[in-house]
file start-v3.cif (mmCIF, C-alpha atoms)
data_work
loop_
_atom_site.label_atom_id
_atom_site.label_comp_id
_atom_site.auth_asym_id
_atom_site.auth_seq_id
_atom_site.Cartn_x
_atom_site.Cartn_y
_atom_site.Cartn_z
CA MET C 905 21.14 2.84 10.72
CA ILE C 906 20.88 -0.18 13.03
CA GLN C 907 20.86 2.13 16.05
CA ARG C 908 17.98 4.12 14.54
CA PHE C 909 15.92 0.96 14.14
CA LYS C 910 16.72 0.07 17.76
CA ASP C 911 15.48 3.51 18.80
CA ILE C 912 12.27 3.04 16.83
CA TYR C 913 11.73 -0.37 18.46
CA ALA C 914 12.23 1.20 21.88
CA TYR C 915 9.27 3.47 21.10
CA ARG C 916 7.03 0.58 20.02
CA ASP C 917 4.45 1.46 22.69
CA MET C 918 4.17 4.95 21.23
CA ILE C 919 3.74 3.46 17.76
CA GLY C 920 0.98 1.20 19.06
CA SER C 921 -0.74 4.16 20.70
CA LEU C 922 -0.57 6.26 17.51
CA VAL C 923 -1.87 3.35 15.42
CA ARG C 924 -4.86 2.93 17.74
CA ARG C 925 -5.50 6.68 17.68
CA GLU C 926 -5.35 6.75 13.88
CA LEU C 927 -7.72 3.80 13.54
CA ARG C 928 -10.21 5.29 16.00
CA GLY C 929 -9.97 8.81 14.60
CA ARG C 930 -10.13 7.95 10.90
CA TYR C 931 -13.94 7.69 10.87
CA LYS C 932 -14.70 9.51 14.12
CA GLY C 933 -18.09 11.21 13.95
CA SER C 934 -19.11 9.17 10.92
CA VAL C 935 -22.47 7.38 11.03
CA LEU C 936 -21.11 4.24 9.38
CA GLY C 937 -17.76 4.47 11.14
CA PHE C 938 -15.42 1.52 10.54
CA LEU C 939 -17.70 0.17 7.81
CA TRP C 940 -16.09 2.72 5.49
CA THR C 941 -13.06 0.42 5.55
CA TYR C 942 -15.14 -1.90 3.38
CA ILE C 943 -17.43 0.59 1.62
CA ASN C 944 -14.69 2.72 0.01
CA PRO C 945 -12.86 -0.10 -1.81
CA LEU C 946 -16.14 -1.85 -2.69
CA CYS C 947 -17.45 1.30 -4.37
CA GLN C 948 -14.24 1.52 -6.41
CA VAL C 949 -14.58 -2.13 -7.39
CA VAL C 950 -18.19 -1.61 -8.53
CA ILE C 951 -17.28 1.45 -10.62
CA TYR C 952 -14.25 -0.15 -12.28
CA SER C 953 -16.16 -3.39 -12.83
CA VAL C 954 -18.89 -1.55 -14.74
CA VAL C 955 -16.41 0.49 -16.78
CA PHE C 956 -14.02 -2.30 -17.70
CA SER C 957 -16.42 -5.24 -18.03
CA ALA C 958 -19.51 -3.55 -19.52
CA ILE C 959 -17.95 -0.71 -21.53
CA PHE C 960 -14.38 -1.71 -22.40
CA ARG C 961 -15.24 -5.41 -22.09
CA VAL C 962 -12.05 -6.77 -20.56
CA ASN C 963 -12.00 -10.49 -21.28
CA ILE C 964 -11.14 -11.81 -17.82
CA GLU C 965 -13.22 -14.53 -16.21
CA LYS C 966 -15.00 -13.32 -13.07
CA PHE C 967 -13.49 -9.89 -13.57
CA TYR C 968 -14.90 -8.59 -10.28
CA LEU C 969 -12.75 -11.11 -8.39
CA TYR C 970 -9.62 -10.26 -10.37
CA LEU C 971 -10.28 -6.58 -9.70
CA ILE C 972 -10.99 -6.86 -5.99
CA ILE C 973 -7.84 -8.93 -5.38
CA GLY C 974 -5.73 -6.16 -6.88
CA MET C 975 -7.72 -3.23 -5.52
CA MET C 976 -7.35 -4.01 -1.81
CA PRO C 977 -3.52 -3.95 -1.84
CA TRP C 978 -3.61 -0.87 -4.06
CA THR C 979 -5.88 0.98 -1.61
CA PHE C 980 -3.38 0.34 1.19
CA PHE C 981 -0.46 1.49 -0.97
CA ASN C 982 -2.28 4.60 -2.19
CA THR C 983 -3.34 5.56 1.33
CA SER C 984 0.18 5.05 2.67
CA VAL C 985 1.83 7.19 0.00
CA GLN C 986 -0.72 10.02 -0.18
CA GLY C 987 -1.42 10.20 3.55
CA GLY C 988 2.19 9.51 4.41
CA SER C 989 3.29 12.57 2.47
CA THR C 990 1.64 14.87 5.04
CA CYS C 991 1.95 12.80 8.21
CA ILE C 992 4.97 14.71 9.57
CA ARG C 993 3.44 18.12 8.90
CA ALA C 994 0.17 16.96 10.48
CA GLN C 995 2.08 16.26 13.72
CA ALA C 996 4.09 19.49 13.66
CA ASP C 997 3.33 20.41 17.29
CA MET C 998 4.47 17.03 18.54
CA VAL C 999 7.63 17.15 16.42
CA LYS C 1000 8.59 20.58 17.78
CA LYS C 1001 7.83 19.89 21.44
CA ILE C 1002 8.63 16.23 22.18
CA TYR C 1003 11.73 14.16 21.60
CA PHE C 1004 11.19 10.80 19.91
CA PRO C 1005 12.51 9.15 16.74
CA ARG C 1006 10.66 11.00 13.99
CA GLU C 1007 10.36 7.77 12.01
CA VAL C 1008 7.70 6.76 14.52
CA ILE C 1009 5.14 8.98 12.74
CA PRO C 1010 5.31 7.43 9.22
CA VAL C 1011 5.69 3.96 10.75
CA SER C 1012 2.50 4.39 12.78
CA TYR C 1013 0.60 5.87 9.83
CA VAL C 1014 1.55 3.11 7.38
CA THR C 1015 0.92 0.45 10.02
CA SER C 1016 -2.60 1.75 10.64
CA ALA C 1017 -3.26 1.64 6.88
CA PHE C 1018 -1.85 -1.91 6.82
CA VAL C 1019 -4.21 -2.99 9.61
CA ASN C 1020 -7.08 -1.53 7.56
CA MET C 1021 -5.96 -3.62 4.59
CA LEU C 1022 -5.94 -6.77 6.72
CA PHE C 1023 -9.56 -6.12 7.69
CA SER C 1024 -10.40 -5.40 4.05
CA PHE C 1025 -9.08 -8.80 3.04
CA ILE C 1026 -12.15 -10.31 4.70
CA ILE C 1027 -13.99 -9.06 1.59
CA VAL C 1028 -11.37 -10.64 -0.67
CA PHE C 1029 -11.67 -14.01 1.02
CA LEU C 1030 -15.47 -13.87 0.89
CA ALA C 1031 -15.32 -12.97 -2.81
CA VAL C 1032 -13.03 -15.95 -3.48
CA LEU C 1033 -15.46 -18.27 -1.69
CA VAL C 1034 -18.57 -16.84 -3.39
CA SER C 1035 -16.92 -17.09 -6.81
CA GLY C 1036 -16.40 -20.81 -6.31
CA PHE C 1037 -12.68 -20.52 -7.06
CA GLY C 1038 -11.61 -21.70 -3.62
CA PHE C 1039 -8.14 -21.42 -2.12
CA TYR C 1040 -4.83 -22.96 -3.13
CA TRP C 1041 -3.46 -23.54 0.35
CA LYS C 1042 0.19 -24.02 -0.61
CA GLY C 1043 0.12 -20.70 -2.40
CA MET C 1044 -1.60 -19.06 0.58
CA LEU C 1045 1.57 -19.62 2.60
CA PHE C 1046 3.17 -16.85 0.54
CA LEU C 1047 0.39 -14.33 1.25
CA PRO C 1048 2.04 -13.00 4.46
CA VAL C 1049 5.34 -12.76 2.56
CA ILE C 1050 3.96 -10.54 -0.21
CA MET C 1051 2.08 -8.47 2.36
CA LEU C 1052 5.37 -7.87 4.18
CA PHE C 1053 7.07 -6.86 0.92
CA GLU C 1054 4.27 -4.40 0.17
CA TYR C 1055 4.46 -2.99 3.70
CA LEU C 1056 8.20 -2.35 3.31
CA LEU C 1057 7.67 -0.71 -0.09
CA ALA C 1058 4.89 1.56 1.21
CA LEU C 1059 6.87 2.46 4.32
CA GLY C 1060 10.02 3.25 2.33
CA ILE C 1061 8.11 5.61 0.04
CA ALA C 1062 6.26 7.12 3.02
CA PHE C 1063 9.62 7.82 4.72
CA ALA C 1064 10.85 9.64 1.63
CA VAL C 1065 7.76 11.69 0.75
CA SER C 1066 6.94 12.62 4.36
CA ALA C 1067 10.44 14.05 4.81
CA VAL C 1068 10.60 15.86 1.47
CA THR C 1069 7.13 17.39 1.90
CA VAL C 1070 8.33 19.21 5.02
CA TYR C 1071 10.65 21.24 2.76
CA PHE C 1072 8.67 21.15 -0.50
CA ARG C 1073 4.97 21.51 0.24
CA ASP C 1074 3.92 21.20 -3.40
CA LEU C 1075 4.93 17.53 -3.34
CA GLU C 1076 1.59 16.71 -1.71
CA GLN C 1077 -0.30 17.87 -4.81
CA ILE C 1078 2.20 16.27 -7.17
CA ILE C 1079 1.75 12.92 -5.44
CA SER C 1080 -2.03 13.10 -5.89
CA VAL C 1081 -1.55 13.41 -9.64
CA VAL C 1082 1.12 10.70 -9.73
CA MET C 1083 -1.08 8.23 -7.85
CA MET C 1084 -4.00 8.82 -10.24
CA ALA C 1085 -1.74 7.77 -13.11
CA TRP C 1086 0.09 5.03 -11.19
CA ILE C 1087 -3.00 2.83 -10.81
CA TYR C 1088 -3.30 2.58 -14.60
CA ILE C 1089 0.26 1.29 -15.05
CA THR C 1090 -0.40 -1.38 -12.44
CA PRO C 1091 -2.12 -4.59 -13.68
CA ILE C 1092 -5.18 -4.25 -11.48
CA MET C 1093 -7.87 -3.65 -14.12
CA TYR C 1094 -6.20 -5.70 -16.84
CA ALA C 1095 -3.92 -8.72 -17.14
CA ILE C 1096 -0.29 -8.00 -17.89
CA ASP C 1097 -0.57 -10.26 -20.97
CA TYR C 1098 -2.82 -7.60 -22.53
CA VAL C 1099 0.06 -5.12 -22.62
CA PRO C 1100 1.96 -5.04 -25.96
CA GLU C 1101 5.27 -6.84 -25.53
CA GLN C 1102 7.37 -3.77 -26.36
CA TYR C 1103 5.76 -1.87 -23.45
CA ARG C 1104 5.57 -4.75 -20.98
CA ILE C 1105 9.01 -4.08 -19.52
CA LEU C 1106 7.81 -0.61 -18.46
CA ILE C 1107 4.89 -2.15 -16.58
CA VAL C 1108 7.14 -4.72 -14.90
CA MET C 1109 9.52 -1.95 -13.77
CA ASN C 1110 6.64 -0.49 -11.74
CA PRO C 1111 7.41 -1.70 -8.16
CA MET C 1112 3.73 -2.45 -7.55
CA THR C 1113 3.46 -4.77 -10.57
CA PRO C 1114 5.22 -7.83 -9.11
CA ILE C 1115 3.36 -7.36 -5.84
CA VAL C 1116 -0.08 -7.23 -7.46
CA GLU C 1117 0.85 -10.11 -9.77
CA VAL C 1118 1.76 -12.30 -6.79
CA TYR C 1119 -1.57 -11.49 -5.12
CA HIS C 1120 -3.33 -12.52 -8.35
CA GLN C 1121 -1.28 -15.70 -8.69
CA ILE C 1122 -2.12 -16.78 -5.14
CA LEU C 1123 -5.79 -15.82 -4.95
CA TYR C 1124 -7.05 -15.68 -8.55
CA TYR C 1125 -4.96 -18.14 -10.54
CA ARG C 1126 -4.58 -20.45 -7.50
CA MET C 1127 -0.93 -21.21 -8.14
CA MET C 1128 2.43 -20.88 -6.47
CA PRO C 1129 3.87 -17.39 -7.03
CA THR C 1130 6.63 -17.39 -9.63
CA PRO C 1131 10.13 -16.94 -8.14
CA ASN C 1132 10.91 -14.07 -10.52
CA TYR C 1133 8.06 -11.96 -9.21
CA LEU C 1134 8.83 -12.81 -5.58
CA ILE C 1135 12.51 -11.94 -5.97
CA LEU C 1136 11.69 -8.72 -7.84
CA ALA C 1137 9.07 -7.70 -5.28
CA GLY C 1138 11.32 -8.51 -2.32
CA GLY C 1139 14.43 -6.91 -3.77
CA THR C 1140 12.69 -3.72 -4.88
CA SER C 1141 10.84 -3.35 -1.58
CA CYS C 1142 14.00 -3.74 0.50
CA VAL C 1143 15.94 -1.26 -1.65
CA VAL C 1144 13.14 1.32 -1.52
CA PHE C 1145 12.73 0.82 2.24
CA VAL C 1146 16.44 1.34 2.98
CA ALA C 1147 16.71 4.31 0.58
CA GLY C 1148 13.63 5.94 2.10
CA ALA C 1149 14.90 5.42 5.65
CA LEU C 1150 18.31 6.91 4.77
CA LEU C 1151 16.75 9.94 3.11
CA PHE C 1152 14.47 10.46 6.11
CA ALA C 1153 17.45 10.27 8.49
CA VAL C 1154 19.26 13.00 6.53
CA LEU C 1155 16.29 15.36 6.24
CA GLU C 1156 14.74 14.98 9.68
CA ARG C 1157 17.50 16.98 11.39
CA ASN C 1158 15.87 20.30 10.47
CA PHE C 1159 12.20 19.34 10.71
CA ALA C 1160 11.51 21.58 13.72
CA GLU C 1161 13.05 24.65 12.05
CA GLU C 1162 11.14 24.10 8.79
CA MET C 1163 7.79 23.75 10.55
#
call {"tool": "encode", "arguments": {"input": "start-v3.cif", "output": "C-alpha coordinates"}}
result
Amino acid sequence: MIQRFKDIYAYRDMIGSLVRRELRGRYKGSVLGFLWTYINPLCQVVIYSVVFSAIFRVNIEKFYLYLIIGMMPWTFFNTSVQGGSTCIRAQADMVKKIYFPREVIPVSYVTSAFVNMLFSFIIVFLAVLVSGFGFYWKGMLFLPVIMLFEYLLALGIAFAVSAVTVYFRDLEQIISVVMMAWIYITPIMYAIDYVPEQYRILIVMNPMTPIVEVYHQILYYRMMPTPNYLILAGGTSCVVFVAGALLFAVLERNFAEEM
(Lines of atoms letter the chains of each structure in order from A and count residues from 1; the text may use other names and numbers.)
(Lines give C-alpha, C1' and ligand atoms only; values in the text may rest on other atoms or scores of the structure.)
Protein backbone atom coordinates (compact mmCIF):
# COMPACT_ATOMS: atom_id res chain seq x y z
CA MET A 1 0.00 0.00 0.00
CA ILE A 2 2.80 2.42 0.91
CA GLN A 3 4.53 1.65 -2.39
CA ARG A 4 1.33 2.46 -4.29
CA PHE A 5 1.12 5.86 -2.63
CA LYS A 6 4.78 6.45 -3.53
CA ASP A 7 3.95 5.58 -7.14
CA ILE A 8 1.02 8.02 -7.12
CA TYR A 9 3.26 10.75 -5.69
CA ALA A 10 5.80 10.09 -8.43
CA TYR A 11 3.07 10.93 -10.96
CA ARG A 12 2.13 14.19 -9.22
CA ASP A 13 2.90 16.20 -12.36
CA MET A 14 0.41 14.08 -14.29
CA ILE A 15 -2.18 14.64 -11.55
CA GLY A 16 -1.59 18.39 -11.75
CA SER A 17 -1.99 18.31 -15.52
CA LEU A 18 -5.24 16.33 -15.32
CA VAL A 19 -6.61 18.67 -12.63
CA ARG A 20 -5.88 21.70 -14.81
CA ARG A 21 -7.46 19.99 -17.82
CA GLU A 22 -10.57 19.10 -15.81
CA LEU A 23 -10.94 22.64 -14.46
CA ARG A 24 -10.51 24.19 -17.91
CA GLY A 25 -12.73 21.66 -19.67
CA ARG A 26 -15.59 21.59 -17.16
CA TYR A 27 -17.23 24.73 -18.58
CA LYS A 28 -15.48 24.87 -21.95
CA GLY A 29 -17.71 26.50 -24.56
CA SER A 30 -20.01 27.93 -21.90
CA VAL A 31 -20.83 31.64 -22.07
CA LEU A 32 -20.55 32.11 -18.31
CA GLY A 33 -17.66 29.67 -17.97
CA PHE A 34 -16.14 29.46 -14.49
CA LEU A 35 -18.98 31.53 -13.04
CA TRP A 36 -21.02 28.31 -13.01
CA THR A 37 -18.85 27.30 -10.06
CA TYR A 38 -20.83 29.89 -8.10
CA ILE A 39 -24.14 29.89 -9.98
CA ASN A 40 -24.95 26.18 -9.54
CA PRO A 41 -24.70 26.05 -5.72
CA LEU A 42 -26.32 29.49 -5.38
CA CYS A 43 -29.35 28.34 -7.38
CA GLN A 44 -29.67 25.31 -5.10
CA VAL A 45 -29.43 27.54 -2.04
CA VAL A 46 -32.17 29.85 -3.36
CA ILE A 47 -34.51 26.93 -4.13
CA TYR A 48 -33.99 25.18 -0.79
CA SER A 49 -34.24 28.48 1.07
CA VAL A 50 -37.66 29.19 -0.45
CA VAL A 51 -38.91 25.64 0.17
CA PHE A 52 -37.67 25.23 3.73
CA SER A 53 -38.06 28.79 5.05
CA ALA A 54 -41.25 29.93 3.27
CA ILE A 55 -43.15 26.66 2.90
CA PHE A 56 -41.93 24.28 5.61
CA ARG A 57 -40.84 27.19 7.81
CA VAL A 58 -37.69 25.77 9.37
CA ASN A 59 -37.03 27.79 12.51
CA ILE A 60 -33.34 28.55 12.03
CA GLU A 61 -32.03 32.10 12.31
CA LYS A 62 -30.63 33.37 9.01
CA PHE A 63 -31.50 30.07 7.40
CA TYR A 64 -29.83 31.05 4.10
CA LEU A 65 -26.47 31.20 5.89
CA TYR A 66 -26.98 27.86 7.63
CA LEU A 67 -27.94 26.34 4.28
CA ILE A 68 -25.09 27.77 2.24
CA ILE A 69 -22.48 26.63 4.80
CA GLY A 70 -23.70 23.05 4.43
CA MET A 71 -24.43 23.15 0.72
CA MET A 72 -20.93 24.03 -0.50
CA PRO A 73 -19.25 20.98 1.10
CA TRP A 74 -22.15 18.81 -0.05
CA THR A 75 -21.76 19.97 -3.66
CA PHE A 76 -18.10 18.91 -3.59
CA PHE A 77 -18.96 15.53 -2.06
CA ASN A 78 -21.82 14.90 -4.49
CA THR A 79 -19.69 15.84 -7.50
CA SER A 80 -16.82 13.63 -6.33
CA VAL A 81 -19.01 10.57 -5.80
CA GLN A 82 -21.24 10.87 -8.88
CA GLY A 83 -18.52 12.02 -11.27
CA GLY A 84 -15.96 9.75 -9.67
CA SER A 85 -18.08 6.72 -10.44
CA THR A 86 -17.46 7.15 -14.19
CA CYS A 87 -14.00 8.73 -14.19
CA ILE A 88 -12.14 5.49 -15.03
CA ARG A 89 -14.51 4.56 -17.84
CA ALA A 90 -14.29 8.11 -19.21
CA GLN A 91 -10.51 7.64 -19.58
CA ALA A 92 -10.73 4.15 -21.07
CA ASP A 93 -8.36 4.90 -23.98
CA MET A 94 -5.69 6.22 -21.66
CA VAL A 95 -6.08 3.27 -19.29
CA LYS A 96 -5.65 0.76 -22.12
CA LYS A 97 -2.72 2.45 -23.86
CA ILE A 98 -0.54 4.13 -21.21
CA TYR A 99 1.06 2.80 -18.05
CA PHE A 100 0.53 4.88 -14.92
CA PRO A 101 -0.97 4.21 -11.48
CA ARG A 102 -4.70 4.05 -12.19
CA GLU A 103 -5.40 5.81 -8.90
CA VAL A 104 -4.18 8.98 -10.60
CA ILE A 105 -7.54 9.34 -12.39
CA PRO A 106 -9.87 9.45 -9.34
CA VAL A 107 -7.28 11.48 -7.42
CA SER A 108 -7.18 14.12 -10.15
CA TYR A 109 -10.97 14.18 -10.51
CA VAL A 110 -11.66 14.59 -6.78
CA THR A 111 -8.87 17.15 -6.48
CA SER A 112 -10.37 19.28 -9.25
CA ALA A 113 -13.75 19.14 -7.48
CA PHE A 114 -11.99 20.11 -4.24
CA VAL A 115 -10.38 23.13 -5.91
CA ASN A 116 -13.85 24.14 -7.13
CA MET A 117 -15.12 23.93 -3.55
CA LEU A 118 -12.30 26.17 -2.34
CA PHE A 119 -13.34 28.82 -4.87
CA SER A 120 -16.98 28.36 -3.85
CA PHE A 121 -16.09 29.13 -0.25
CA ILE A 122 -15.60 32.74 -1.31
CA ILE A 123 -19.42 32.86 -1.39
CA VAL A 124 -19.60 31.30 2.08
CA PHE A 125 -17.21 33.85 3.55
CA LEU A 126 -19.08 36.72 1.89
CA ALA A 127 -22.38 35.38 3.24
CA VAL A 128 -20.92 35.20 6.76
CA LEU A 129 -19.76 38.82 6.50
CA VAL A 130 -23.04 40.09 5.01
CA SER A 131 -25.05 38.29 7.69
CA GLY A 132 -23.17 40.17 10.40
CA PHE A 133 -22.22 36.94 12.16
CA GLY A 134 -18.49 37.45 11.68
CA PHE A 135 -15.78 34.84 12.17
CA TYR A 136 -14.62 32.95 15.24
CA TRP A 137 -10.93 32.88 14.42
CA LYS A 138 -9.92 30.12 16.84
CA GLY A 139 -12.54 27.88 15.30
CA MET A 140 -11.39 28.83 11.79
CA LEU A 141 -8.09 27.05 12.49
CA PHE A 142 -10.01 23.77 12.21
CA LEU A 143 -11.49 24.61 8.80
CA PRO A 144 -8.54 23.14 6.84
CA VAL A 145 -8.71 20.04 9.06
CA ILE A 146 -12.36 19.29 8.29
CA MET A 147 -11.75 20.04 4.61
CA LEU A 148 -8.97 17.45 4.62
CA PHE A 149 -11.24 14.90 6.30
CA GLU A 150 -13.94 15.50 3.69
CA TYR A 151 -11.39 15.19 0.88
CA LEU A 152 -10.25 11.81 2.21
CA LEU A 153 -13.85 10.61 2.56
CA ALA A 154 -14.77 11.71 -0.98
CA LEU A 155 -11.59 10.21 -2.43
CA GLY A 156 -12.09 6.90 -0.63
CA ILE A 157 -15.63 6.57 -1.99
CA ALA A 158 -14.49 7.70 -5.45
CA PHE A 159 -11.80 4.98 -5.43
CA ALA A 160 -14.42 2.35 -4.62
CA VAL A 161 -17.21 3.41 -6.99
CA SER A 162 -14.89 4.18 -9.92
CA ALA A 163 -13.43 0.68 -9.72
CA VAL A 164 -16.72 -1.15 -9.23
CA THR A 165 -18.43 0.76 -12.07
CA VAL A 166 -15.90 -0.66 -14.54
CA TYR A 167 -17.41 -4.11 -13.85
CA PHE A 168 -20.97 -3.13 -12.92
CA ARG A 169 -22.14 -0.28 -15.15
CA ASP A 170 -25.53 0.02 -13.46
CA LEU A 171 -23.81 1.41 -10.35
CA GLU A 172 -23.68 4.82 -12.02
CA GLN A 173 -27.49 5.03 -12.06
CA ILE A 174 -27.79 3.56 -8.58
CA ILE A 175 -25.45 6.22 -7.20
CA SER A 176 -27.58 8.99 -8.71
CA VAL A 177 -30.59 7.72 -6.77
CA VAL A 178 -28.56 7.20 -3.59
CA MET A 179 -27.17 10.74 -3.69
CA MET A 180 -30.67 12.23 -4.12
CA ALA A 181 -31.69 10.53 -0.87
CA TRP A 182 -28.36 11.08 0.91
CA ILE A 183 -28.71 14.86 1.02
CA TYR A 184 -31.90 14.53 3.07
CA ILE A 185 -30.25 12.41 5.77
CA THR A 186 -27.50 14.99 6.10
CA PRO A 187 -28.24 18.00 8.38
CA ILE A 188 -27.90 20.63 5.67
CA MET A 189 -31.50 21.88 5.46
CA TYR A 190 -32.32 21.26 9.11
CA ALA A 191 -30.55 21.19 12.47
CA ILE A 192 -29.78 17.77 13.88
CA ASP A 193 -31.72 18.73 17.04
CA TYR A 194 -34.90 18.63 14.95
CA VAL A 195 -34.50 14.89 14.39
CA PRO A 196 -36.44 12.72 16.89
CA GLU A 197 -34.01 11.26 19.39
CA GLN A 198 -34.77 7.65 18.46
CA TYR A 199 -33.71 8.35 14.85
CA ARG A 200 -30.79 10.66 15.60
CA ILE A 201 -28.26 7.84 15.80
CA LEU A 202 -29.06 6.94 12.18
CA ILE A 203 -28.30 10.50 11.08
CA VAL A 204 -25.05 10.57 13.06
CA MET A 205 -23.96 7.28 11.43
CA ASN A 206 -24.05 9.07 8.07
CA PRO A 207 -20.34 9.86 7.41
CA MET A 208 -21.23 13.31 6.07
CA THR A 209 -23.09 14.31 9.25
CA PRO A 210 -20.07 15.01 11.50
CA ILE A 211 -18.35 16.81 8.64
CA VAL A 212 -21.29 19.14 7.93
CA GLU A 213 -21.83 19.66 11.66
CA VAL A 214 -18.23 20.81 12.10
CA TYR A 215 -18.60 23.27 9.21
CA HIS A 216 -21.74 24.63 10.91
CA GLN A 217 -20.05 24.84 14.31
CA ILE A 218 -17.12 26.80 12.89
CA LEU A 219 -18.93 29.16 10.52
CA TYR A 220 -22.53 29.38 11.76
CA TYR A 221 -22.42 28.81 15.51
CA ARG A 222 -18.97 30.45 15.78
CA MET A 223 -17.61 27.91 18.23
CA MET A 224 -14.82 25.39 18.54
CA PRO A 225 -15.79 22.10 16.89
CA THR A 226 -16.71 19.44 19.42
CA PRO A 227 -14.05 16.71 19.79
CA ASN A 228 -16.63 13.95 19.25
CA TYR A 229 -17.52 15.19 15.80
CA LEU A 230 -13.88 15.78 14.86
CA ILE A 231 -12.84 12.30 15.98
CA LEU A 232 -15.82 10.70 14.24
CA ALA A 233 -15.21 12.64 11.03
CA GLY A 234 -11.48 11.91 11.03
CA GLY A 235 -11.81 8.25 11.94
CA THR A 236 -14.57 7.53 9.42
CA SER A 237 -12.79 9.39 6.63
CA CYS A 238 -9.51 7.54 7.18
CA VAL A 239 -11.24 4.14 7.31
CA VAL A 240 -13.24 4.84 4.13
CA PHE A 241 -10.15 6.18 2.36
CA VAL A 242 -8.04 3.10 3.17
CA ALA A 243 -10.89 0.68 2.35
CA GLY A 244 -11.55 2.43 -0.96
CA ALA A 245 -7.86 2.42 -1.89
CA LEU A 246 -7.56 -1.31 -1.08
CA LEU A 247 -10.64 -2.18 -3.11
CA PHE A 248 -9.34 -0.13 -6.03
CA ALA A 249 -5.97 -1.91 -5.87
CA VAL A 250 -7.68 -5.30 -6.09
CA LEU A 251 -10.04 -4.41 -8.95
CA GLU A 252 -7.75 -2.31 -11.13
CA ARG A 253 -5.76 -5.34 -12.32
CA ASN A 254 -8.36 -6.19 -14.99
CA PHE A 255 -9.48 -2.69 -15.97
CA ALA A 256 -8.04 -2.90 -19.48
CA GLU A 257 -9.75 -6.23 -20.22
CA GLU A 258 -13.13 -5.03 -18.92
CA MET A 259 -13.05 -1.86 -21.01
call {"tool": "axis_aligned_box", "arguments": {"input": "start-v3.cif", "around": "region 1085-1093 of chain C", "padding_each_side": "6 Å", "output": "AutoDock Vina command-line options"}}
result
--center_x -3.8 --center_y 1.6 --center_z -12.9 --size_x 20.1 --size_y 24.4 --size_z 16.2
call {"tool": "residues_around", "arguments": {"input": "start-v3.cif", "residues": "Ile1061 (chain C)", "least_positions_apart": "6", "cutoff": "12 Å", "atoms": "all atoms listed in the file", "output": "ChimeraX atom specification"}}
result
/C:981-989,1010-1011,1014,1054-1055,1067-1069,1079,1111-1112,1140-1152
call {"tool": "write_last_selection", "arguments": {"input": "start-v3.cif", "atoms": "C-alpha atoms", "output": "CSV table (one decimal), in the frame of the given file"}}
result
chain,number,residue,atom,x,y,z
C,981,PHE,CA,-0.5,1.5,-1.0
C,982,ASN,CA,-2.3,4.6,-2.2
C,983,THR,CA,-3.3,5.6,1.3
C,984,SER,CA,0.2,5.0,2.7
C,985,VAL,CA,1.8,7.2,0.0
C,986,GLN,CA,-0.7,10.0,-0.2
C,987,GLY,CA,-1.4,10.2,3.6
C,988,GLY,CA,2.2,9.5,4.4
C,989,SER,CA,3.3,12.6,2.5
C,1010,PRO,CA,5.3,7.4,9.2
C,1011,VAL,CA,5.7,4.0,10.8
C,1014,VAL,CA,1.6,3.1,7.4
C,1054,GLU,CA,4.3,-4.4,0.2
C,1055,TYR,CA,4.5,-3.0,3.7
C,1067,ALA,CA,10.4,14.0,4.8
C,1068,VAL,CA,10.6,15.9,1.5
C,1069,THR,CA,7.1,17.4,1.9
C,1079,ILE,CA,1.8,12.9,-5.4
C,1111,PRO,CA,7.4,-1.7,-8.2
C,1112,MET,CA,3.7,-2.4,-7.6
C,1140,THR,CA,12.7,-3.7,-4.9
C,1141,SER,CA,10.8,-3.4,-1.6
C,1142,CYS,CA,14.0,-3.7,0.5
C,1143,VAL,CA,15.9,-1.3,-1.6
C,1144,VAL,CA,13.1,1.3,-1.5
C,1145,PHE,CA,12.7,0.8,2.2
C,1146,VAL,CA,16.4,1.3,3.0
C,1147,ALA,CA,16.7,4.3,0.6
C,1148,GLY,CA,13.6,5.9,2.1
C,1149,ALA,CA,14.9,5.4,5.6
C,1150,LEU,CA,18.3,6.9,4.8
C,1151,LEU,CA,16.8,9.9,3.1
C,1152,PHE,CA,14.5,10.5,6.1
call {"tool": "residues_near_point", "arguments": {"input": "start-v3.cif", "point": "(11.4, 22.4, 10.7)", "cutoff": "10 Å", "atoms": "all atoms listed in the file", "output": "ChimeraX atom specification"}}
result
/C:993,996,999-1000,1070-1071,1155-1163
call {"tool": "atom_distance", "arguments": {"input": "start-v3.cif", "atom1": "CA of Ile1092 (chain C)", "atom2": "CA of Ile951 (chain C)"}}
result
13.4 Å
call {"tool": "resolve_selection", "arguments": {"input": "start-v3.cif", "expression": "the PyMOL selection byres ((chain C and resi 1032) around 12)", "output": "list in words"}}
result
Lys966, Phe967, Tyr968, Leu969, Tyr970, Leu971, Ile972, Ile973, Phe1025, Ile1026, Ile1027, Val1028, Phe1029, Leu1030, Ala1031, Leu1033, Val1034, Ser1035, Gly1036, Phe1037, Gly1038, Phe1039, Tyr1040, His1120, Ile1122, Leu1123, Tyr1124, Tyr1125 and Arg1126 of chain C
call {"tool": "closest_residue", "arguments": {"input": "start-v3.cif", "among": "C:Leu1045, C:Leu1059, C:Val1108, C:Val1081", "to": "Ser1012 (chain C)", "atoms": "all atoms listed in the file"}}
result
C:Leu1059
call {"tool": "atom_distance", "arguments": {"input": "start-v3.cif", "atom1": "CA of Thr1090 (chain C)", "atom2": "CA of Arg1073 (chain C)"}}
result
26.7 Å
call {"tool": "atom_distance", "arguments": {"input": "start-v3.cif", "atom1": "CA of Pro1048 (chain C)", "atom2": "CA of Leu1106 (chain C)"}}
result
26.7 Å
call {"tool": "resolve_selection", "arguments": {"input": "start-v3.cif", "expression": "the PyMOL selection byres ((chain C and resi 1114) around 10)", "output": "ChimeraX atom specification"}}
result
/C:1050,1054,1090-1091,1107-1113,1115-1120,1129-1130,1132-1138,1140
call {"tool": "resolve_selection", "arguments": {"input": "start-v3.cif", "expression": "the PyMOL selection byres ((chain C and resi 1016) around 8)", "output": "list in words"}}
result
Val923, Arg924, Glu926, Leu927, Ser1012, Tyr1013, Val1014, Thr1015, Ala1017, Phe1018, Val1019 and Asn1020 of chain C
call {"tool": "closest_residue", "arguments": {"input": "start-v3.cif", "among": "C:Pro1005, C:Pro945, C:Gly1060, C:Pro1131", "to": "Phe980 (chain C)", "atoms": "all atoms listed in the file"}}
result
C:Pro945
call {"tool": "closest_residue", "arguments": {"input": "start-v3.cif", "among": "C:Ile906, C:Ala1064, C:Met1127, C:Met1051", "to": "Val1154 (chain C)", "atoms": "all atoms listed in the file"}}
result
C:Ala1064
call {"tool": "closest_residue", "arguments": {"input": "start-v3.cif", "among": "C:Met976, C:Val1008, C:Ala914, C:Met1084", "to": "Phe1023 (chain C)", "atoms": "all atoms listed in the file"}}
result
C:Met976
